[in-house]
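Here is the structure we will look at, set down as structure tokens.
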Amino acid sequence: MTTHSLEALRTRAAAIVRDNDRGAYTVPTKGLYPFQWNWDSCLTALGQRHSDERRAFLEIETLFAHQWPDGMVPHIVFHTPDDSYFPGPDVWRTGRPTPTSGITQPPVAGLVLRRLVETAADQAFAEEKARALLPKIAAWHRWFHAMRDPAGSGLVAILHPWESGRDNSIDWDDALARVPTEGVEPYVRRDTQHVDAAERPHKAEYDRYLWLVQRFRDLGWDNRLLHDASPFQVVDPAINAILVRSDEDVAHLAERFGDKALAEEAQARAARARAAFDGLWSADLRQYLPFDRVAGQLIASPSVGGLLPLLAGLGNAEKRAAMRDRIRTLRTHVRYGVPTHDPTDPRFEAKRYWRGPCWLIINYLLADGLDRCGFAADAAAVRADSLALVENGFAEYYDPLTGEGLGGGNFTWTAAILIETLATSAAA
Ligand code: GLC
């Protein structure tokens with residue numbers, strides 16, 4: 001691509017992020033997602049920092065202003081009423097002053113914060129902001145381990161597929177099939193009014209998503225009760241890898257700010273998780289797998305979730321090379337990488353949301369992990385895939401076979417991550 005067209009892409013991306021900006025938070029896209037989403041906001045800050053560092057910190061501060069007293073950071077903050085999204089506050093009924101959902105999302109805030117601090121032009125400002133955010137992020141990580149790993153295995157479970165951020169991934173199929181559907185209150189989906197139903201989860205999955213929400217609501221959203229009461233408890237390698245990486249980044253910042261106790265605490269959590277990670281490795285599939293805590297077994301689903309542990313440099317050199325090779329192989333089966341599920345698996349669907357399509361934020365995290373593990377050429381190849389994809393617009397996700405943009409359009413984190421990807425590639 002010429003410098004000129006790269007500049008045009010960057011300008012277009014910045015305009016999308018600005019257009020979805022609601023002042024103190026950014027909506028993922030108009031219509032489909034009219035509120036603040038947890039990991040969308042954190043990853044969006046990575047793009048915002050290139051034009052306005054203050055705005056980037058504000059995005060994260062707004063999210064953490066709605067942290068629960070127990071430490072959880074909710075996956076959605078419903079800042080203003082809007083009935084174009086379902087399930088809204090009337091379904092969640094979490095009783096928070098500003099309504100929020102009652103579950104969480106991948107904890108990328110820690111790794112984003114470190115990047116914001118280390119790249120800030122105004123170091124004094126960034127350090128002041130980071131000092132205030134750091135204890136809140138640490139409280140969230142503490143919450144994860146206390147509430148989502150009550151038996152102390154070292155790894156945390158998600159209790160709802162939406163917590164993974166990869167909503168309808170094949171990873172959750174078997175565990176979700178065990179969730180009942182009796183008693184689900186009648187509802188009308190809104191997502192399929194914005195987007196073709198063929199690109200969204202099926203009704204059978206939606207019923208179960210809602211059954212879980214109702215179950216947790218009946219327990220008064222008391223996180224001390226939810227884990228053991230949930231028929232869905234899955235250890236996702238992706239969320240655990242993100243937590244390890246973020247905890248290590250928290251430790252790094254704490255060290256820098258002279259908070260020895262916090263640095264040691266975060267480091268110890270990460271070390272325990274590292275030690276437990278081996279149990280998720282599949283010698284057959286040559287990658288990590290999710291673990292179904294209720295069934296007591298690994299889930300044979302070759303998705304990108306089991307490759308994200310590169311982000312924290314997990315495993316030994318042999319395992320990291322195996323994950324790199326898996327990414328290479330996945331890329332050979334499609335025109336555009338990286339598909340979120342193995343295209344040779346009969347369950348792969350090129351257009352259905354998290355069951356195959358490419359997502360720019362996943363490419364970003366994979367490229368970051370590849371770089372960290374010393375696979376710079378592979379990281380560059382993944383970034384090149386991202387650049388090729390956005391030529392088809394700033395979509396929510398893309399068909400890996402054709403490159404067609406799918407789901408919501410003018411999507412914030414796709415645009416923000418493109419800005420960050422361009423900056424990272426230029427620096428590399
Ligand atoms: C979908 C995605 C999730 C994202 C949200 C808002 O639910 O699966 O990862 O946070 O949309 O973009």
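Every chain in the structure tokens takes a letter, A first, then B, and so on in the order presented; its residues are numbered from 1, and the ligands are numbered from 1 following the presented order.
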Neighbourhood of ligand 1 at 6 Å, counting only C-alpha atoms and all ligand atoms, reported as a list in words: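 Final answer, ordered by chain and number: Pro28, Trp37, Trp39, Asp40, Gly165, Arg166 and Asp167 of chain A.
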Residue set, stretch 249-379 of chain A restricted to alpha helix (DSSP H), as JSON, numbers by chain: {"A": [249, 250, 251, 252, 253, 254, 255, 256, 260, 261, 262, 263, 264, 265, 266, 267, 268, 269, 270, 271, 272, 273, 274, 275, 276, 277, 317, 318, 319, 320, 321, 322, 323, 324, 325, 326, 327, 328, 329, 330, 331, 332, 360, 361, 362, 363, 364, 365, 366, 367, 368, 369, 370, 371, 372, 376, 377, 378, 379]}
Residue contacts of stretch 205-216 of chain A (10 Å, only C-alpha atoms) excluding same-chain residues fewer than 2 positions away, as JSON, numbers by chain: {"A": [87, 91, 92, 93, 94, 101, 102, 103, 159, 160, 161, 162, 167, 168, 172, 173, 176, 177, 178, 179, 180, 181, 182, 183, 184, 185, 186, 187, 189, 200, 201, 202, 203, 218, 219, 220, 221, 222, 223, 225, 226, 227, 229, 230, 231, 232]}
Shortest interatomic distance to A:Leu262 - which of A:Gly95, A:Pro135, A:Pro89, A:Pro81, counting only C-alpha atoms: A:Pro135
Using only C-alpha atoms: which of A:Pro237, A:Gly258, A:Gly23, A:Gly154 has the shortest distance to A:Phe291: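 Of A:Pro237, A:Gly258, A:Gly23, A:Gly154, the one nearest A:Phe291, counting only C-alpha atoms, is A:Pro237.
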Contacts of A:Leu406 within 10 Å, only C-alpha atoms, excl. fewer than 5 positions in-chain, as a PyMOL selection string: chain A and resi 195-196+199+351-353+357-358+392-399
Would you mind exporting the chosen residues as a compact mmCIF listing (two decimals), in the first residue's frame, restricted to C-alpha atoms?
```
# COMPACT_ATOMS: atom_id res chain seq x y z
CA VAL A 195 -27.52 -7.47 11.02
CA ASP A 196 -28.30 -10.49 8.80
CA GLU A 199 -24.03 -13.69 10.67
CA LYS A 351 -19.59 -15.59 8.10
CA ARG A 352 -20.98 -16.39 11.53
CA TYR A 353 -19.51 -14.00 14.07
CA PRO A 357 -14.53 -14.70 10.73
CA CYS A 358 -11.45 -12.50 11.22
CA ASN A 392 -13.13 -3.49 2.57
CA GLY A 393 -14.25 -0.99 5.21
CA PHE A 394 -14.09 -0.82 9.01
CA ALA A 395 -16.41 -3.71 9.67
CA GLU A 396 -17.11 -5.52 12.91
CA TYR A 397 -15.60 -8.71 11.46
CA TYR A 398 -14.65 -10.18 8.06
CA ASP A 399 -15.13 -13.32 6.01
```
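Distances to A:Ile170 were evaluated for A:Arg286, A:Arg269, A:Arg347, A:Arg131 using only C-alpha atoms, and the minimum falls at A:Arg347.
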Close residues, A:Lys30 itself excluded, 9 Å, only C-alpha atoms, min 6 positions apart in chain, as a list in words: Asn20, Gly408, Gly409, Asn410 and Phe411 of chain A
Restricting the output to N, CA and C atoms, write the selected residues as an mmCIF file, in the first residue's frame.
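Saved result, out_37.cif, follows:
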```
data_model
loop_
_atom_site.group_PDB
_atom_site.id
_atom_site.type_symbol
_atom_site.label_atom_id
_atom_site.label_comp_id
_atom_site.auth_asym_id
_atom_site.auth_seq_id
_atom_site.Cartn_x
_atom_site.Cartn_y
_atom_site.Cartn_z
ATOM 1 N N ASN A 20 -18.124 8.039 16.778
ATOM 2 C CA ASN A 20 -18.777 7.178 17.779
ATOM 3 C C ASN A 20 -18.503 7.647 19.209
ATOM 4 N N GLY A 408 -21.716 -5.181 12.123
ATOM 5 C CA GLY A 408 -21.883 -3.728 12.172
ATOM 6 C C GLY A 408 -20.828 -3.033 11.310
ATOM 7 N N GLY A 409 -21.162 -1.836 10.823
ATOM 8 C CA GLY A 409 -20.197 -1.065 10.024
ATOM 9 C C GLY A 409 -19.621 0.078 10.842
ATOM 10 N N ASN A 410 -18.657 0.790 10.261
ATOM 11 C CA ASN A 410 -18.012 1.922 10.936
ATOM 12 C C ASN A 410 -17.730 1.593 12.390
ATOM 13 N N PHE A 411 -17.023 0.508 12.595
ATOM 14 C CA PHE A 411 -16.862 -0.071 13.924
ATOM 15 C C PHE A 411 -15.671 0.530 14.664
#
```
